Amino acid sequence: MSVVWVDASSGASGDMLLGALVDAGVPLSVISSTVDAVAPEPVDLGAEKVRRGALAATRCHVSIADSVHHRTWTDVRALLTGAALDDAVRDLALRVFERLAVAEGAVHGIAPDDVHFHEVGALDAIADVVGVCAGFAHLAPAVVVVSPVAVGSGTVRAAHGTLPVPPPAVARLLTGVPSFAGPPGHPSMEMCTPTGAALLTTLATSWGDQPPMATRAIGVGAGGRDPEGWSNTLRLLIGDPAVRAEPAAGGGIFPPWRDNAPAELVIEANIDDLEPRLMPGAIDALLAAGARDAWVTPILMKKGRPAYTLHALTRPDAAEAVRRAFFRETSTIGVREHEVVKHALPREILTVNVDGHPIAVKAARLDGEIVNLQPEWDDVARAAAELGRPAIDVLAEARAAPLAPLVEPDS
């Protein structure tokens, strides 16, 4: 499971994100092949090392011969839908442009399908969006945390004339997420473009400072402008989660920082209007969607109504599929979720023999000593049926039988 932290404290744009991805090690070929699939004309996609203020960064540039300087959301949707793109890239890009269309439509008081993208509708801007989506699909992070976004100050010239910073579409896109004018001494200019705002709000799974992580790669992307005394850059930090676990008394079983104690999510919903016989099927659907476990708790709701809480434990990378299973398979119209950390003892699968029938046994160790043995119930039931013996007797004999390694320990 990988984590990406986006440092947008100096602003954000599509080309800055693209440069940061390439600077962090995403192959330019991954991006160029995706851009080529969208553009009807030959594309010149390049990357170069530049300086912005005191920092070295990568500047990506996209050059496409394009006679159409603005397109509607309907045009862009048709372009993306008809392109030979990976489903993950297409879905992400469509979500970015839909978000842009909704924001622009709200600003101008028109339906999203009637929105005419100007700068954002040009092929080079579309290529920026698709390229960033391809880069993130290549990384496939489970978590994307975005810092508060610097939007800048002053005014900016746009197709509709001079606009205040942040422009109305950017302000609309960043509604409900942390943003600010910029650090002390920031230049009076637009620091976050509509494309940058739409990409960040689509990609982000949460907002805030850098999370606990073991960083593997850092990418710095450069904006087109180079204002004096200012680093017009965006940073990406890519790594693995490092979850804080307080040590128990006497040193504890687990170290204070434990990379193999991954953060997981519990997604749940209170349900009082679903036929109870449908609950087992809902549990099966959650597990099929990628949940690691699913269970039901009986509860009593307001006005004395009997109900159930349906829970699912999942890794972040399967969370969206699990949420969709909740909505498709149950009557709930909302779910809540919270992060949990699992601490598991090292375990291994051993085998025992009961009257010639092998039975797998899961053994958990503490300080090298086996402290828990659990025979696999399916093996116990099968052996009991074949031997014509009570399952309880086979279970007891399996627990008492000599152990032999079946597979290597899995910690």
# chains A, B, ... in the order shown; residues from 1 in each chain; ligands from 1
call {"tool": "residues_around", "arguments": {"residues": "Ser206 in chain A", "least_positions_apart": "2", "cutoff": "9 Å", "atoms": "only C-alpha atoms", "output": "ChimeraX atom specification"}}
result
/A:143-147,204,208
call {"tool": "atom_distance", "arguments": {"atom1": "CA of Val50 in chain A", "atom2": "CA of Trp207 in chain A"}}
result
28.6 Å
call {"tool": "closest_residue", "arguments": {"among": "A:Trp295, A:Trp5, A:Trp377, A:Tyr308", "to": "Met213 in chain A", "atoms": "only C-alpha atoms"}}
result
A:Trp5
call {"tool": "select_by_dssp", "arguments": {"residues": "range 263-368 of chain A", "states": "alpha helix (DSSP H)", "output": "PyMOL selection string"}}
result
chain A and resi 279-288+319-329
call {"tool": "write_last_selection", "arguments": {"atoms": "C-alpha atoms", "output": "CSV table (one decimal), in the first residue's frame"}}
result
chain,number,residue,atom,x,y,z
A,279,MET,CA,-28.1,-9.8,5.3
A,280,PRO,CA,-26.0,-13.0,4.5
A,281,GLY,CA,-26.0,-12.0,0.8
A,282,ALA,CA,-24.9,-8.5,1.7
A,283,ILE,CA,-22.0,-9.9,3.7
A,284,ASP,CA,-21.0,-12.1,0.8
A,285,ALA,CA,-21.1,-9.1,-1.5
A,286,LEU,CA,-18.9,-7.0,0.8
A,287,LEU,CA,-16.4,-9.9,0.9
A,288,ALA,CA,-16.5,-10.3,-2.9
A,319,ALA,CA,-12.7,0.9,0.0
A,320,GLU,CA,-14.5,2.4,-3.0
A,321,ALA,CA,-15.6,-1.1,-4.2
A,322,VAL,CA,-16.8,-1.9,-0.7
A,323,ARG,CA,-18.8,1.4,-0.4
A,324,ARG,CA,-20.5,0.6,-3.7
A,325,ALA,CA,-21.4,-2.9,-2.4
A,326,PHE,CA,-23.1,-1.3,0.6
A,327,PHE,CA,-25.2,0.9,-1.7
A,328,ARG,CA,-26.0,-1.8,-4.2
A,329,GLU,CA,-26.8,-4.7,-1.8
call {"tool": "closest_residue", "arguments": {"among": "A:Leu92, A:Cys60, A:Ala24, A:Leu350", "to": "Val129 in chain A", "atoms": "only C-alpha atoms"}}
result
A:Leu92
call {"tool": "residues_around", "arguments": {"residues": "Val102 in chain A", "least_positions_apart": "6", "cutoff": "9 Å", "atoms": "only C-alpha atoms", "output": "ChimeraX atom specification"}}
result
/A:111-113,115,173
call {"tool": "write_last_selection", "arguments": {"atoms": "C-alpha atoms", "output": "compact mmCIF listing (two decimals), in the first residue's frame"}}
result
# COMPACT_ATOMS: atom_id res chain seq x y z
CA ALA A 111 -26.03 23.41 -17.09
CA PRO A 112 -22.71 21.50 -16.98
CA ASP A 113 -23.30 20.10 -20.49
CA VAL A 115 -20.20 24.75 -20.36
CA LEU A 173 -13.78 23.73 -6.77
call {"tool": "residues_around", "arguments": {"residues": "range 353-357 of chain A", "least_positions_apart": "5", "cutoff": "9 Å", "atoms": "only C-alpha atoms", "output": "PyMOL selection string"}}
result
chain A and resi 379+382-383+386-387+394+397-398+401-403
call {"tool": "atom_distance", "arguments": {"atom1": "CA of Gly334 in chain A", "atom2": "CA of Ala101 in chain A"}}
result
25.4 Å
call {"tool": "residues_around", "arguments": {"residues": "Ile392 in chain A", "least_positions_apart": "6", "cutoff": "10 Å", "atoms": "only C-alpha atoms", "output": "VMD selection string"}}
result
chain A and resid 380 to 381 384 398
call {"tool": "select_by_dssp", "arguments": {"residues": "range 140-317 of chain A", "states": "strand (DSSP E)", "output": "ChimeraX atom specification"}}
result
/A:143-146,149-150,155-158,161-164,179-180,206-207,213-222,233-241,243-244,257-258,263-271,293-300,306-314
call {"tool": "write_last_selection", "arguments": {"atoms": "C-alpha atoms", "output": "short mmCIF file (atom, residue, chain, number, x, y, z; two decimals), in the first residue's frame"}}
result
data_model
loop_
_atom_site.label_atom_id
_atom_site.label_comp_id
_atom_site.auth_asym_id
_atom_site.auth_seq_id
_atom_site.Cartn_x
_atom_site.Cartn_y
_atom_site.Cartn_z
CA VAL A 143 -4.00 7.11 -0.03
CA VAL A 144 -3.50 10.61 -1.48
CA VAL A 145 -3.18 13.37 1.12
CA VAL A 146 -3.14 16.96 -0.12
CA VAL A 149 -3.76 24.71 -1.32
CA ALA A 150 -2.20 28.12 -1.97
CA THR A 155 -6.24 39.48 -10.25
CA VAL A 156 -5.85 37.31 -13.35
CA ARG A 157 -6.73 37.79 -17.00
CA ALA A 158 -9.06 35.10 -18.36
CA GLY A 161 -11.99 39.34 -18.57
CA THR A 162 -10.12 40.29 -15.41
CA LEU A 163 -11.06 38.10 -12.45
CA PRO A 164 -10.16 38.19 -8.76
CA SER A 179 -6.95 26.63 1.04
CA PHE A 180 -5.21 29.94 1.73
CA SER A 206 -7.85 13.34 2.62
CA TRP A 207 -6.36 16.77 3.32
CA MET A 213 5.26 7.67 5.98
CA ALA A 214 8.56 6.20 4.87
CA THR A 215 9.33 8.30 1.78
CA ARG A 216 10.68 6.45 -1.26
CA ALA A 217 10.62 9.18 -3.90
CA ILE A 218 10.24 12.95 -4.12
CA GLY A 219 9.14 14.85 -7.19
CA VAL A 220 9.25 18.61 -7.73
CA GLY A 221 7.21 20.02 -10.61
CA ALA A 222 7.75 23.51 -11.99
CA THR A 233 6.76 24.52 -7.61
CA LEU A 234 4.63 21.63 -6.41
CA ARG A 235 6.06 18.64 -4.52
CA LEU A 236 5.02 14.99 -4.42
CA LEU A 237 6.25 12.64 -1.70
CA ILE A 238 5.66 8.96 -2.44
CA GLY A 239 6.18 6.26 0.17
CA ASP A 240 4.80 3.62 2.47
CA PRO A 241 2.63 4.21 5.54
CA VAL A 243 1.52 3.99 11.56
CA ARG A 244 2.15 5.21 15.08
CA TRP A 257 6.96 2.53 14.57
CA ARG A 258 5.76 -0.54 12.74
CA ALA A 263 -3.97 1.32 8.43
CA GLU A 264 -7.28 -0.23 7.45
CA LEU A 265 -10.82 1.12 7.33
CA VAL A 266 -14.01 0.00 9.02
CA ILE A 267 -16.98 1.00 6.88
CA GLU A 268 -20.40 0.58 8.45
CA ALA A 269 -24.07 1.50 8.27
CA ASN A 270 -27.06 1.23 10.59
CA ILE A 271 -29.92 -0.48 8.74
CA ASP A 293 -14.02 -9.25 6.96
CA ALA A 294 -17.71 -8.39 7.30
CA TRP A 295 -20.15 -8.86 10.16
CA VAL A 296 -23.51 -7.78 11.57
CA THR A 297 -24.31 -6.41 15.03
CA PRO A 298 -27.92 -6.25 16.32
CA ILE A 299 -28.77 -2.78 17.70
CA LEU A 300 -31.76 -0.89 19.08
CA PRO A 306 -34.71 -3.09 16.17
CA ALA A 307 -31.98 -2.78 13.54
CA TYR A 308 -28.53 -3.98 12.52
CA THR A 309 -25.13 -2.42 12.02
CA LEU A 310 -23.42 -3.92 8.99
CA HIS A 311 -19.62 -3.60 9.24
CA ALA A 312 -16.82 -4.22 6.74
CA LEU A 313 -13.07 -4.19 7.38
CA THR A 314 -11.10 -3.26 4.28
#
